[in-house]
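target-v1.cif (mmCIF, C-alpha atoms)
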data_model
#
loop_
_atom_site.label_atom_id
_atom_site.label_comp_id
_atom_site.auth_asym_id
_atom_site.auth_seq_id
_atom_site.Cartn_x
_atom_site.Cartn_y
_atom_site.Cartn_z
CA MET A 1 -6.62 78.60 41.46
CA LYS A 2 -9.83 79.88 39.85
CA LYS A 3 -8.34 79.17 36.38
CA THR A 4 -8.20 75.40 37.01
CA PRO A 5 -11.90 74.62 36.31
CA LEU A 6 -11.72 76.66 33.11
CA LEU A 7 -8.64 74.78 31.93
CA LEU A 8 -10.26 71.43 32.67
CA GLY A 9 -13.45 72.38 30.87
CA GLY A 10 -11.51 73.56 27.83
CA LEU A 11 -9.52 70.37 27.71
CA LEU A 12 -12.69 68.27 27.80
CA LEU A 13 -14.28 70.30 24.99
CA TYR A 14 -11.14 69.99 22.84
CA THR A 15 -10.94 66.24 23.43
CA ALA A 16 -14.58 65.74 22.54
CA GLY A 17 -14.23 67.79 19.35
CA PHE A 18 -11.05 65.96 18.30
CA ALA A 19 -12.68 62.59 18.92
CA GLN A 20 -15.56 63.47 16.61
CA GLN A 21 -13.05 64.04 13.80
CA GLN A 22 -11.34 60.61 14.23
CA GLU A 23 -12.47 57.08 13.32
CA PRO A 24 -13.72 55.17 16.35
CA GLU A 25 -11.11 52.75 17.70
CA SER A 26 -11.81 49.31 19.13
CA ILE A 27 -11.37 49.16 22.82
CA PRO A 28 -8.85 46.57 24.09
CA MET A 29 -11.60 44.06 25.05
CA GLU A 30 -13.02 44.06 21.50
CA LYS A 31 -9.56 43.45 20.05
CA LEU A 32 -9.05 40.57 22.44
CA GLU A 33 -12.37 39.01 21.45
CA GLN A 34 -11.45 39.30 17.77
CA GLN A 35 -8.09 37.61 18.39
CA VAL A 36 -9.75 34.81 20.38
CA GLN A 37 -12.27 34.25 17.60
CA THR A 38 -9.47 34.06 15.02
CA LEU A 39 -7.56 31.55 17.14
CA GLU A 40 -10.69 29.44 17.58
CA GLU A 41 -11.16 29.33 13.81
CA ILE A 42 -7.53 28.30 13.31
CA VAL A 43 -7.85 25.55 15.95
CA GLU A 44 -11.09 24.30 14.37
CA VAL A 45 -9.43 23.99 10.97
CA SER A 46 -6.30 22.35 12.43
CA GLN A 47 -8.46 19.76 14.19
CA LYS A 48 -9.98 18.79 10.83
CA LEU A 49 -6.62 18.66 9.04
CA LYS A 50 -4.14 15.95 10.01
CA VAL A 51 -0.61 15.75 8.63
CA SER A 52 1.44 12.59 9.10
CA GLY A 53 4.16 10.66 7.38
CA TYR A 54 7.31 8.59 7.66
CA ILE A 55 10.79 8.33 6.19
CA GLN A 56 12.58 5.04 5.53
CA THR A 57 16.29 5.34 4.86
CA GLN A 58 17.99 2.05 4.18
CA PHE A 59 21.21 0.27 3.31
CA GLN A 60 20.97 -2.87 1.18
CA TYR A 61 23.58 -5.48 0.32
CA GLY A 62 22.77 -7.95 -2.44
CA GLU A 63 24.43 -10.87 -4.15
CA LYS A 64 25.36 -10.33 -7.78
CA ASP A 65 21.96 -11.34 -9.24
CA ALA A 66 19.87 -9.48 -6.66
CA SER A 67 17.39 -6.73 -7.41
CA LEU A 68 17.52 -4.04 -4.72
CA LYS A 69 14.78 -1.55 -3.88
CA VAL A 70 17.07 1.47 -3.63
CA GLY A 71 19.73 2.71 -6.01
CA SER A 72 20.42 1.52 -9.54
CA ALA A 73 21.16 -1.96 -10.91
CA ASN A 74 24.43 -3.75 -10.26
CA GLU A 75 27.23 -2.01 -12.18
CA GLN A 76 29.50 -5.06 -11.82
CA PRO A 77 27.31 -8.07 -12.69
CA GLU A 78 29.84 -10.63 -11.45
CA GLN A 79 30.17 -9.14 -7.96
CA SER A 80 27.97 -8.50 -4.96
CA PHE A 81 26.96 -4.88 -4.50
CA SER A 82 25.42 -2.43 -2.04
CA ARG A 83 23.17 0.61 -2.22
CA ILE A 84 21.86 3.28 0.14
CA GLY A 85 18.76 5.34 -0.45
CA ILE A 86 15.33 6.47 0.67
CA ARG A 87 12.93 3.58 0.23
CA ARG A 88 9.88 5.60 1.16
CA GLY A 89 9.40 9.26 2.02
CA ARG A 90 5.70 9.69 2.70
CA ILE A 91 3.72 12.74 3.70
CA LYS A 92 -0.04 12.43 4.10
CA PHE A 93 -2.69 15.13 4.36
CA ALA A 94 -6.15 14.12 5.60
CA TYR A 95 -9.01 16.59 6.02
CA GLU A 96 -12.32 15.55 7.54
CA GLU A 97 -15.49 17.59 7.96
CA GLY A 98 -18.78 15.95 8.75
CA ILE A 99 -19.39 12.87 6.64
CA VAL A 100 -16.72 13.71 4.05
CA SER A 101 -12.95 13.26 4.24
CA GLY A 102 -10.21 13.71 1.70
CA VAL A 103 -6.73 12.17 1.66
CA PHE A 104 -3.68 13.12 -0.37
CA GLN A 105 -0.36 11.29 0.08
CA LEU A 106 2.96 11.85 -1.68
CA ASP A 107 6.05 9.68 -1.88
CA ILE A 108 9.25 11.79 -1.97
CA THR A 109 12.61 10.11 -2.56
CA GLU A 110 15.85 10.80 -4.43
CA LYS A 111 14.17 9.22 -7.47
CA GLY A 112 11.46 11.86 -7.60
CA VAL A 113 7.99 12.69 -6.32
CA GLY A 114 4.97 10.48 -6.92
CA ILE A 115 1.34 10.25 -5.84
CA LYS A 116 0.44 7.33 -3.58
CA ASP A 117 -3.07 8.28 -2.47
CA ALA A 118 -5.61 10.82 -3.69
CA TYR A 119 -9.17 10.02 -2.73
CA LEU A 120 -12.33 11.19 -1.01
CA ASN A 121 -14.44 9.16 1.39
CA ILE A 122 -18.13 9.84 2.03
CA LYS A 123 -20.04 8.16 4.86
CA ASP A 124 -23.79 7.79 4.92
CA PRO A 125 -25.27 10.51 7.20
CA TRP A 126 -27.68 8.23 9.03
CA VAL A 127 -26.12 5.12 10.60
CA ARG A 128 -22.67 5.59 9.00
CA SER A 129 -22.41 1.93 8.09
CA VAL A 130 -21.86 2.57 4.40
CA ALA A 131 -19.02 4.58 2.86
CA LEU A 132 -18.04 5.47 -0.69
CA LYS A 133 -14.37 5.92 -1.55
CA ALA A 134 -13.26 7.24 -4.94
CA GLY A 135 -9.85 8.10 -6.37
CA VAL A 136 -6.46 6.39 -6.03
CA PHE A 137 -6.18 4.07 -3.01
CA ASP A 138 -5.26 0.54 -1.88
CA ARG A 139 -6.93 -2.31 -3.74
CA PRO A 140 -9.29 -4.15 -1.36
CA PHE A 141 -7.74 -7.59 -1.87
CA GLY A 142 -6.39 -9.60 1.05
CA TYR A 143 -4.63 -8.27 4.11
CA GLU A 144 -1.03 -7.44 3.21
CA ILE A 145 -1.87 -4.84 0.54
CA SER A 146 -3.54 -2.47 3.00
CA TYR A 147 -1.15 -3.21 5.87
CA SER A 148 0.90 -0.03 6.09
CA SER A 149 4.56 -0.14 5.03
CA SER A 150 5.36 1.79 8.21
CA LEU A 151 4.07 -1.12 10.33
CA ARG A 152 4.97 -4.16 8.24
CA GLU A 153 7.54 -6.47 9.81
CA SER A 154 9.18 -7.41 6.50
CA PRO A 155 10.76 -4.71 4.32
CA GLU A 156 8.55 -5.50 1.31
CA ARG A 157 5.29 -7.19 0.48
CA SER A 158 5.35 -10.78 -0.75
CA MET A 159 6.47 -11.47 -4.30
CA ILE A 160 3.02 -12.61 -5.39
CA PHE A 161 1.49 -9.26 -4.37
CA GLN A 162 4.29 -7.28 -5.98
CA THR A 163 3.61 -9.20 -9.22
CA LEU A 164 -0.18 -9.22 -9.29
CA PHE A 165 -0.73 -5.82 -7.66
CA PRO A 166 2.17 -3.49 -8.56
CA ASP A 167 2.13 -0.26 -6.50
CA GLU A 168 -0.68 -1.83 -4.39
CA ARG A 169 -3.04 0.96 -5.43
CA ASP A 170 -5.45 1.53 -8.29
CA LEU A 171 -7.83 4.15 -9.63
CA GLY A 172 -11.47 3.40 -8.91
CA GLY A 173 -14.50 3.60 -6.66
CA MET A 174 -15.43 1.33 -3.76
CA PHE A 175 -18.25 0.85 -1.27
CA THR A 176 -17.53 -0.29 2.29
CA PHE A 177 -20.24 -1.89 4.42
CA GLN A 178 -19.68 -2.33 8.17
CA ALA A 179 -22.26 -2.19 10.94
CA ALA A 180 -21.95 0.40 13.71
CA LYS A 181 -19.59 -0.35 16.59
CA THR A 182 -22.58 -1.00 18.87
CA SER A 183 -23.91 -3.69 16.53
CA PRO A 184 -23.12 -7.40 17.09
CA TRP A 185 -22.31 -7.55 13.34
CA ASN A 186 -19.56 -4.94 13.55
CA PHE A 187 -16.91 -7.67 13.27
CA LEU A 188 -17.83 -8.16 9.59
CA LYS A 189 -16.62 -5.81 6.85
CA LEU A 190 -17.35 -5.90 3.12
CA GLU A 191 -15.39 -3.88 0.56
CA ALA A 192 -16.34 -3.99 -3.11
CA GLY A 193 -15.62 -1.74 -6.07
CA LEU A 194 -14.72 -1.17 -9.70
CA PHE A 195 -11.17 -0.26 -10.72
CA ALA A 196 -9.23 0.75 -13.82
CA GLY A 197 -6.95 -2.27 -13.40
CA ASN A 198 -3.80 -0.38 -14.34
CA GLY A 199 -2.23 0.50 -11.01
CA ILE A 200 -1.79 4.21 -10.33
CA LYS A 201 -1.19 4.97 -14.00
CA GLN A 202 -3.87 6.69 -16.06
CA GLU A 203 -6.69 4.53 -17.38
CA ILE A 204 -6.10 3.39 -20.96
CA ASP A 205 -9.15 1.24 -21.79
CA SER A 206 -12.91 1.22 -21.19
CA ARG A 207 -13.02 -2.01 -19.21
CA LYS A 208 -13.36 -1.97 -15.41
CA ASP A 209 -12.17 -4.67 -12.98
CA PHE A 210 -14.15 -5.83 -9.94
CA ILE A 211 -12.46 -6.39 -6.57
CA GLY A 212 -14.20 -7.57 -3.40
CA HIS A 213 -13.04 -8.49 0.10
CA LEU A 214 -15.14 -9.85 2.96
CA SER A 215 -13.35 -9.94 6.30
CA ALA A 216 -14.09 -10.74 9.92
CA ASN A 217 -12.17 -9.68 12.99
CA LYS A 218 -12.79 -10.74 16.58
CA VAL A 219 -11.24 -9.79 19.93
CA VAL A 220 -11.42 -12.30 22.78
CA GLY A 221 -10.72 -10.79 26.20
CA ASN A 222 -7.65 -8.61 26.40
CA ASN A 223 -5.11 -11.03 24.97
CA ILE A 224 -6.45 -12.72 21.84
CA ASN A 225 -7.28 -11.27 18.43
CA PHE A 226 -8.02 -13.22 15.27
CA GLY A 227 -9.49 -12.61 11.84
CA PHE A 228 -9.92 -14.05 8.38
CA GLY A 229 -11.05 -12.93 4.96
CA VAL A 230 -11.91 -13.98 1.42
CA SER A 231 -11.14 -11.95 -1.71
CA TYR A 232 -12.16 -12.05 -5.35
CA TYR A 233 -10.80 -10.24 -8.43
CA ASN A 234 -12.48 -10.32 -11.84
CA GLY A 235 -10.98 -8.28 -14.64
CA GLY A 236 -9.22 -8.38 -17.95
CA VAL A 237 -5.96 -7.60 -19.73
CA TYR A 238 -5.91 -6.07 -23.21
CA GLN A 239 -4.64 -8.38 -25.93
CA GLY A 240 -2.18 -6.39 -28.03
CA THR A 241 -1.90 -8.91 -30.88
CA GLU A 242 -3.89 -11.78 -32.32
CA ASN A 243 -1.47 -14.28 -30.72
CA VAL A 244 -2.87 -15.69 -27.48
CA TYR A 245 -1.12 -18.64 -25.80
CA ALA A 246 -2.91 -20.83 -23.25
CA MET A 247 -1.66 -23.91 -21.41
CA ARG A 248 -2.80 -27.36 -22.50
CA ASP A 249 -1.24 -30.05 -20.32
CA ASN A 250 2.38 -28.86 -20.05
CA ALA A 251 2.59 -26.81 -23.26
CA PHE A 252 1.54 -23.38 -24.51
CA VAL A 253 -0.88 -23.69 -27.43
CA LEU A 254 -1.30 -20.78 -29.84
CA ASP A 255 -4.64 -19.28 -30.79
CA ASP A 256 -3.93 -16.78 -33.57
CA ASP A 257 -7.46 -15.85 -34.60
CA ILE A 258 -7.32 -12.33 -36.02
CA SER A 259 -10.28 -11.30 -33.82
CA ASN A 260 -8.20 -11.83 -30.64
CA GLU A 261 -6.48 -8.46 -31.01
CA GLY A 262 -8.30 -5.79 -29.01
CA LYS A 263 -10.20 -8.25 -26.82
CA PHE A 264 -9.48 -8.86 -23.14
CA ALA A 265 -7.95 -11.97 -21.57
CA ARG A 266 -9.63 -13.06 -18.36
CA ARG A 267 -7.86 -11.98 -15.17
CA GLU A 268 -9.31 -13.77 -12.16
CA TYR A 269 -7.94 -14.18 -8.61
CA PHE A 270 -9.19 -15.87 -5.46
CA GLY A 271 -7.66 -15.14 -2.06
CA LEU A 272 -7.81 -16.38 1.53
CA ASP A 273 -6.22 -14.51 4.43
CA GLY A 274 -5.98 -15.20 8.15
CA ARG A 275 -4.31 -13.75 11.23
CA PHE A 276 -4.02 -14.60 14.93
CA SER A 277 -2.32 -12.88 17.84
CA ILE A 278 -2.02 -13.69 21.53
CA VAL A 279 -0.33 -11.93 24.43
CA THR A 280 1.47 -14.10 26.99
CA PRO A 281 4.21 -13.44 29.57
CA ALA A 282 6.69 -14.23 26.77
CA GLY A 283 5.30 -11.32 24.75
CA MET A 284 2.92 -10.98 21.82
CA THR A 285 2.90 -13.77 19.24
CA GLN A 286 1.46 -12.99 15.79
CA LEU A 287 0.71 -15.41 12.99
CA ARG A 288 -0.41 -14.21 9.56
CA GLY A 289 -0.83 -15.86 6.20
CA GLU A 290 -2.47 -15.62 2.78
CA TYR A 291 -3.05 -17.97 -0.13
CA LEU A 292 -3.91 -16.85 -3.67
CA PHE A 293 -4.73 -18.72 -6.86
CA GLY A 294 -6.28 -17.94 -10.21
CA THR A 295 -5.66 -16.99 -13.83
CA GLN A 296 -3.15 -14.35 -14.90
CA PRO A 297 -2.57 -13.04 -18.44
CA GLY A 298 0.96 -11.76 -19.04
CA GLY A 299 3.88 -11.79 -21.42
CA ALA A 300 6.30 -14.47 -22.48
CA SER A 301 8.90 -13.61 -19.81
CA SER A 302 6.74 -12.19 -17.03
CA GLY A 303 3.25 -12.48 -15.59
CA LYS A 304 3.30 -9.03 -13.99
CA SER A 305 0.00 -7.15 -14.06
CA PRO A 306 -0.48 -4.04 -16.22
CA ASN A 307 1.15 -0.90 -14.83
CA ALA A 308 1.89 1.34 -17.82
CA SER A 309 0.38 4.33 -19.59
CA VAL A 310 0.14 2.59 -22.98
CA LEU A 311 -1.75 -0.46 -24.18
CA PRO A 312 0.39 -3.62 -24.51
CA ALA A 313 1.51 -4.49 -28.04
CA THR A 314 2.89 -7.95 -27.25
CA ASP A 315 1.55 -11.50 -27.41
CA THR A 316 -0.56 -12.72 -24.50
CA TYR A 317 0.32 -15.73 -22.34
CA ILE A 318 -2.37 -17.05 -19.99
CA ARG A 319 -1.23 -18.96 -16.91
CA ASN A 320 -2.77 -20.52 -13.82
CA PHE A 321 -0.88 -19.41 -10.70
CA ASN A 322 -0.84 -19.89 -6.95
CA GLY A 323 1.19 -18.73 -3.98
CA GLY A 324 1.15 -16.79 -0.76
CA TYR A 325 3.05 -16.29 2.46
CA PHE A 326 3.20 -17.24 6.13
CA MET A 327 4.69 -15.00 8.82
CA LEU A 328 5.57 -15.34 12.51
CA VAL A 329 6.29 -12.27 14.64
CA GLN A 330 7.42 -12.85 18.23
CA ASP A 331 7.96 -10.14 20.84
CA PHE A 332 10.31 -10.62 23.80
CA GLY A 333 8.28 -9.88 26.92
CA THR A 334 7.99 -6.14 27.41
CA TRP A 335 11.15 -5.37 25.43
CA PRO A 336 10.56 -3.22 22.33
CA VAL A 337 12.12 -5.94 20.15
CA SER A 338 10.49 -8.45 17.79
CA ALA A 339 11.84 -11.42 15.85
CA VAL A 340 10.38 -12.04 12.40
CA VAL A 341 10.30 -15.13 10.18
CA LYS A 342 8.51 -15.08 6.81
CA TYR A 343 8.17 -17.58 4.01
CA ASP A 344 6.58 -16.66 0.70
CA ARG A 345 6.07 -18.57 -2.53
CA TYR A 346 4.95 -17.61 -6.03
CA ASP A 347 4.32 -20.18 -8.75
CA PRO A 348 3.34 -18.26 -11.91
CA ASN A 349 2.45 -21.43 -13.86
CA THR A 350 1.08 -24.44 -12.00
CA LYS A 351 1.00 -26.57 -15.18
CA VAL A 352 4.79 -27.00 -15.48
CA ALA A 353 7.68 -27.61 -13.10
CA LYS A 354 11.46 -27.98 -13.10
CA ASP A 355 12.91 -29.39 -16.35
CA GLU A 356 9.57 -29.01 -18.15
CA ILE A 357 10.26 -25.26 -18.16
CA GLY A 358 12.13 -24.10 -21.24
CA GLN A 359 10.22 -26.41 -23.56
CA LYS A 360 6.97 -26.12 -25.54
CA GLY A 361 6.82 -22.34 -25.35
CA THR A 362 7.57 -22.01 -21.63
CA GLY A 363 10.41 -19.89 -20.25
CA LYS A 364 11.61 -17.74 -17.38
CA GLY A 365 8.13 -16.33 -16.92
CA ASP A 366 7.11 -19.74 -15.57
CA ILE A 367 9.80 -20.10 -12.87
CA THR A 368 8.64 -20.58 -9.27
CA TYR A 369 10.26 -18.55 -6.45
CA ASP A 370 10.48 -19.46 -2.76
CA THR A 371 11.80 -16.86 -0.33
CA LEU A 372 12.68 -17.29 3.33
CA GLY A 373 13.30 -14.12 5.31
CA PHE A 374 14.15 -13.45 8.94
CA GLY A 375 15.08 -10.40 10.95
CA LEU A 376 14.80 -8.23 14.04
CA LEU A 377 12.81 -5.07 14.77
CA TRP A 378 13.73 -2.55 17.45
CA ARG A 379 11.16 0.11 18.31
CA ALA A 380 13.31 2.75 20.00
CA ASN A 381 10.23 4.86 20.74
CA ASN A 382 6.88 5.69 19.15
CA ASN A 383 8.61 7.44 16.26
CA ILE A 384 11.86 5.60 15.56
CA ARG A 385 12.24 2.01 14.39
CA LEU A 386 15.32 0.06 13.30
CA GLN A 387 14.96 -3.04 11.14
CA ALA A 388 17.49 -5.67 10.08
CA TYR A 389 16.28 -8.34 7.66
CA TYR A 390 17.85 -11.04 5.47
CA GLU A 391 16.10 -12.73 2.54
CA MET A 392 17.18 -16.00 0.95
CA ALA A 393 15.55 -16.41 -2.45
CA ASP A 394 15.41 -19.82 -4.13
CA ASN A 395 14.30 -20.12 -7.75
CA GLU A 396 13.08 -23.23 -9.54
CA LYS A 397 15.83 -24.95 -11.57
CA SER A 398 15.59 -26.22 -15.13
CA GLU A 399 18.30 -27.76 -17.28
CA ASN A 400 16.58 -26.24 -20.33
CA LEU A 401 17.20 -22.65 -19.21
CA SER A 402 20.90 -21.87 -18.83
CA GLU A 403 20.20 -18.88 -16.56
CA TYR A 404 18.17 -21.07 -14.21
CA ALA A 405 20.17 -24.28 -14.36
CA THR A 406 21.32 -23.45 -10.82
CA ASP A 407 20.04 -21.19 -8.09
CA LEU A 408 20.58 -17.48 -8.75
CA HIS A 409 22.79 -15.57 -6.32
CA ASP A 410 20.13 -13.06 -5.28
CA ASN A 411 19.98 -12.99 -1.47
CA VAL A 412 19.48 -9.53 0.06
CA PHE A 413 20.27 -7.93 3.41
CA THR A 414 18.34 -4.79 4.42
CA LEU A 415 19.10 -2.39 7.26
CA ARG A 416 16.39 0.25 7.57
CA LEU A 417 15.94 3.24 9.86
CA GLN A 418 12.43 4.65 9.99
CA TYR A 419 11.12 7.88 11.50
CA LYS A 420 7.36 8.30 11.74
CA PHE A 421 5.56 11.51 12.57
#
Re-express the file's structure as structure tokens.
Amino acid sequence: MKKTPLLLGGLLLYTAGFAQQQEPESIPMEKLEQQVQTLEEIVEVSQKLKVSGYIQTQFQYGEKDASLKVGSANEQPEQSFSRIGIRRGRIKFAYEEGIVSGVFQLDITEKGVGIKDAYLNIKDPWVRSVALKAGVFDRPFGYEISYSSSLRESPERSMIFQTLFPDERDLGGMFTFQAAKTSPWNFLKLEAGLFAGNGIKQEIDSRKDFIGHLSANKVVGNNINFGFGVSYYNGGVYQGTENVYAMRDNAFVLDDDISNEGKFARREYFGLDGRFSIVTPAGMTQLRGEYLFGTQPGGASSGKSPNASVLPATDTYIRNFNGGYFMLVQDFGTWPVSAVVKYDRYDPNTKVAKDEIGQKGTGKGDITYDTLGFGLLWRANNNIRLQAYYEMADNEKSENLSEYATDLHDNVFTLRLQYKF
């Protein structure tokens, strides 16, 4: 029994000597603190980074002359046809830290991968009423352009917006002015900036286009919301040849001065937009509409705005246009179902109509289109939405254009399933 203290003392001495020869190890509490700190850093970063997106898979059935948004063109021109595809496959990354945020959004479909948004946004550090946005983002014109495709009650934007603002976005810089939420002037918002004017394609000239939008939005009680806005676009389109045609009365008149080539034709739009919604026992009722008019340079067969990576090398046709849309969306009480009716119109040349088209230099680029669409929306839950929509397109008729002597067979039915995350 007397050997026990000696054994214990020897064991302690050996342990102390061995410990001096080893690297010190963290005790369990220190390891736990390190793990907690790492987790806190991960959580902090994840709170600044937001990932969202949506997928729209759709079936479309079109009459023989229709142009569908998924799949290829009609392989049997004398017959109706159908297509299935991914209309939009969006994934969006947004990172915000302090007064700066950055957004990057991709569109991924069976046709490929493309950039939809890539911009930074900087708020002023004092009252945060002013923000600067730079990169690729929605043009600040009207209401429908910036109204998300994941929320819109019709499958596509109105024809006039698809023509004047292809891809909706542009490369540029923009200031936003809006008073703080505590200010009585918070209901007003001004957006104004300079843009390349070429959609999301690379810039190909030194001229910049101006776009501005002043809007007001007001909430009355818990049931009424209304707003309105005015927009202005001032830009130019490169003239690829010396031949510039402008309307005089009901005819295109040629100006072939050699100095025209390389100059810019005036591109000027004016826009008015309004919206109203009210909640009643019958459900929410929404009314929205926009009206646009102005001057649009284009080609002989189309007035579509520039959206290419090369300068145009064709003659320039300058037209006065107008058009817009009106939409009614009606919910059914508390049911997650809405009925939609939409009418849109685009007149690319207000100087001619009907049988005047096809004479004196005019052609299919001057045909007016009226489209009536109606459908149903079912919001299964916060993530899933099913949409059925039918569009009846009516083109202007002219006996001087054989293709447009009668109405084209171009009605389209769309059935779309959307998942949003």
Residue with smallest distance to Gln359 of chain A - pool A:Leu401, A:Ala308, A:Val279, A:Leu408, counting all atoms listed in the file: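 The shortest atom-to-atom distance to Gln359 of chain A comes from A:Leu401.
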Test item: residues at most 10 Å from Lys354 of chain A, all atoms listed in the file, excluding those fewer than 5 positions along its chain, as number ranges by chain: A: 366-368, 395-401, 404-405
Sel. within 12 Å of pt (6.4, -7.0, 11.4), counting only C-alpha atoms, output as a VMD selection string: chain A and resid 144 147 to 157 284 to 288 326 to 331 337 to 342 373 to 379 385 to 389
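By all atoms listed in the file, and with residues fewer than 5 positions from Asp255 of chain A along its chain excluded, the set lying at most 12 Å from it is Gln239, Thr241, Glu242, Asn243, Val244, Tyr245, Ala246, Met247, Arg248, Asn260, Glu261, Asp315, Thr316, Tyr317 and Ile318 of chain A.
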Just C-alpha atoms for this one: save the residues we selected as a compact mmCIF listing (two decimals), keeping the file's coordinate frame.
# COMPACT_ATOMS: atom_id res chain seq x y z
CA GLN A 239 -4.64 -8.38 -25.93
CA THR A 241 -1.90 -8.91 -30.88
CA GLU A 242 -3.89 -11.78 -32.32
CA ASN A 243 -1.47 -14.28 -30.72
CA VAL A 244 -2.87 -15.69 -27.48
CA TYR A 245 -1.12 -18.64 -25.80
CA ALA A 246 -2.91 -20.83 -23.25
CA MET A 247 -1.66 -23.91 -21.41
CA ARG A 248 -2.80 -27.36 -22.50
CA ASN A 260 -8.20 -11.83 -30.64
CA GLU A 261 -6.48 -8.46 -31.01
CA ASP A 315 1.55 -11.50 -27.41
CA THR A 316 -0.56 -12.72 -24.50
CA TYR A 317 0.32 -15.73 -22.34
CA ILE A 318 -2.37 -17.05 -19.99
The PyMOL selection byres ((chain A and resi 180-189) around 8) resolved against shown file, as a PyMOL selection string: chain A and resi 127-129+176-179+190-191+214-218
Would you save the residues from that selection as a CSV table (one decimal), keeping the file's coordinate frame, using C-alpha atoms?
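Ended up saving to out_25.csv:
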chain,number,residue,atom,x,y,z
A,127,VAL,CA,-26.1,5.1,10.6
A,128,ARG,CA,-22.7,5.6,9.0
A,129,SER,CA,-22.4,1.9,8.1
A,176,THR,CA,-17.5,-0.3,2.3
A,177,PHE,CA,-20.2,-1.9,4.4
A,178,GLN,CA,-19.7,-2.3,8.2
A,179,ALA,CA,-22.3,-2.2,10.9
A,190,LEU,CA,-17.4,-5.9,3.1
A,191,GLU,CA,-15.4,-3.9,0.6
A,214,LEU,CA,-15.1,-9.8,3.0
A,215,SER,CA,-13.4,-9.9,6.3
A,216,ALA,CA,-14.1,-10.7,9.9
A,217,ASN,CA,-12.2,-9.7,13.0
A,218,LYS,CA,-12.8,-10.7,16.6
Two-atom distance - atom CA of Phe104 of chain A, atom CA of Glu168 of chain A (Å):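 These atoms are spaced 15.8 Å apart.
For the choices A:Arg267, A:Lys123, A:Tyr238, A:Phe228, the atom-to-atom distance to Asp209 of chain A is smallest for A:Arg267 when using all atoms listed in the file.
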Matched chain/residue IDs from the PyMOL selection byres ((chain A and resi 44-53) around 10), as a PyMOL selection string: chain A and resi 38-43+54-55+88-98+101-107+150+419-421
Please produce a file of those selected residues containing C-alpha atoms, as an mmCIF file, keeping the file's coordinate frame.
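Once everything was written out, this is again_3.cif:
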data_model
loop_
_atom_site.group_PDB
_atom_site.id
_atom_site.type_symbol
_atom_site.label_atom_id
_atom_site.label_comp_id
_atom_site.auth_asym_id
_atom_site.auth_seq_id
_atom_site.Cartn_x
_atom_site.Cartn_y
_atom_site.Cartn_z
ATOM 1 C CA THR A 38 -9.470 34.060 15.020
ATOM 2 C CA LEU A 39 -7.560 31.550 17.140
ATOM 3 C CA GLU A 40 -10.690 29.440 17.580
ATOM 4 C CA GLU A 41 -11.160 29.330 13.810
ATOM 5 C CA ILE A 42 -7.530 28.300 13.310
ATOM 6 C CA VAL A 43 -7.850 25.550 15.950
ATOM 7 C CA TYR A 54 7.310 8.590 7.660
ATOM 8 C CA ILE A 55 10.790 8.330 6.190
ATOM 9 C CA ARG A 88 9.880 5.600 1.160
ATOM 10 C CA GLY A 89 9.400 9.260 2.020
ATOM 11 C CA ARG A 90 5.700 9.690 2.700
ATOM 12 C CA ILE A 91 3.720 12.740 3.700
ATOM 13 C CA LYS A 92 -0.040 12.430 4.100
ATOM 14 C CA PHE A 93 -2.690 15.130 4.360
ATOM 15 C CA ALA A 94 -6.150 14.120 5.600
ATOM 16 C CA TYR A 95 -9.010 16.590 6.020
ATOM 17 C CA GLU A 96 -12.320 15.550 7.540
ATOM 18 C CA GLU A 97 -15.490 17.590 7.960
ATOM 19 C CA GLY A 98 -18.780 15.950 8.750
ATOM 20 C CA SER A 101 -12.950 13.260 4.240
ATOM 21 C CA GLY A 102 -10.210 13.710 1.700
ATOM 22 C CA VAL A 103 -6.730 12.170 1.660
ATOM 23 C CA PHE A 104 -3.680 13.120 -0.370
ATOM 24 C CA GLN A 105 -0.360 11.290 0.080
ATOM 25 C CA LEU A 106 2.960 11.850 -1.680
ATOM 26 C CA ASP A 107 6.050 9.680 -1.880
ATOM 27 C CA SER A 150 5.360 1.790 8.210
ATOM 28 C CA TYR A 419 11.120 7.880 11.500
ATOM 29 C CA LYS A 420 7.360 8.300 11.740
ATOM 30 C CA PHE A 421 5.560 11.510 12.570
#
Between atom CA of Gly229 of chain A and atom CA of Pro140 of chain A, distance in Å (one decimal): 11.0 Å
Residue among A:Tyr119, A:Ile145, A:Leu417, A:Arg319 lying closest to Val253 of chain A, counting only C-alpha atoms: A:Arg319
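Nearest residue to Gly173 of chain A, choosing from A:Pro348, A:Gly227, A:Gly212, A:Gly235 and counting all atoms listed in the file: A:Gly212.
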Gln296 of chain A environment, 10 Å, only C-alpha atoms, sequence neighbours closer than 5 positions dropped, as a ChimeraX atom specification: /A:164,235-237,265-269,303-305,317-322,348-349
Residue members of the PyMOL selection byres ((chain A and resi 333) around 7) in the file shown, as a list in words: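 So the PyMOL selection byres ((chain A and resi 333) around 7) ends up selecting Pro281, Ala282, Gly283, Asp331, Phe332, Thr334 and Trp335 of chain A.
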Padding 3 Å on every side, please: axis-aligned box over the listed atoms of segment 401-419 of chain A, centre and edge lengths to one decimal in Å, as lines of an AutoDock Vina configuration file.
center_x = 17.0
center_y = -8.2
center_z = -3.9
size_x = 17.7
size_y = 38.2
size_z = 36.7
With C-alpha atoms as the atom set, please write segment 44-52 of chain A from the structure just given, as a tab-separated table (two decimals), in the first residue's frame.
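Once everything was written out, this is decode.tsv:
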chain	number	residue	atom	x	y	z
A	44	GLU	CA	-24.25	36.86	-41.90
A	45	VAL	CA	-23.18	36.24	-45.50
A	46	SER	CA	-26.32	34.22	-46.29
A	47	GLN	CA	-28.50	37.06	-44.99
A	48	LYS	CA	-26.82	39.44	-47.46
A	49	LEU	CA	-27.10	37.01	-50.39
A	50	LYS	CA	-30.55	36.18	-51.75
A	51	VAL	CA	-31.18	33.59	-54.44
A	52	SER	CA	-34.54	33.44	-56.19
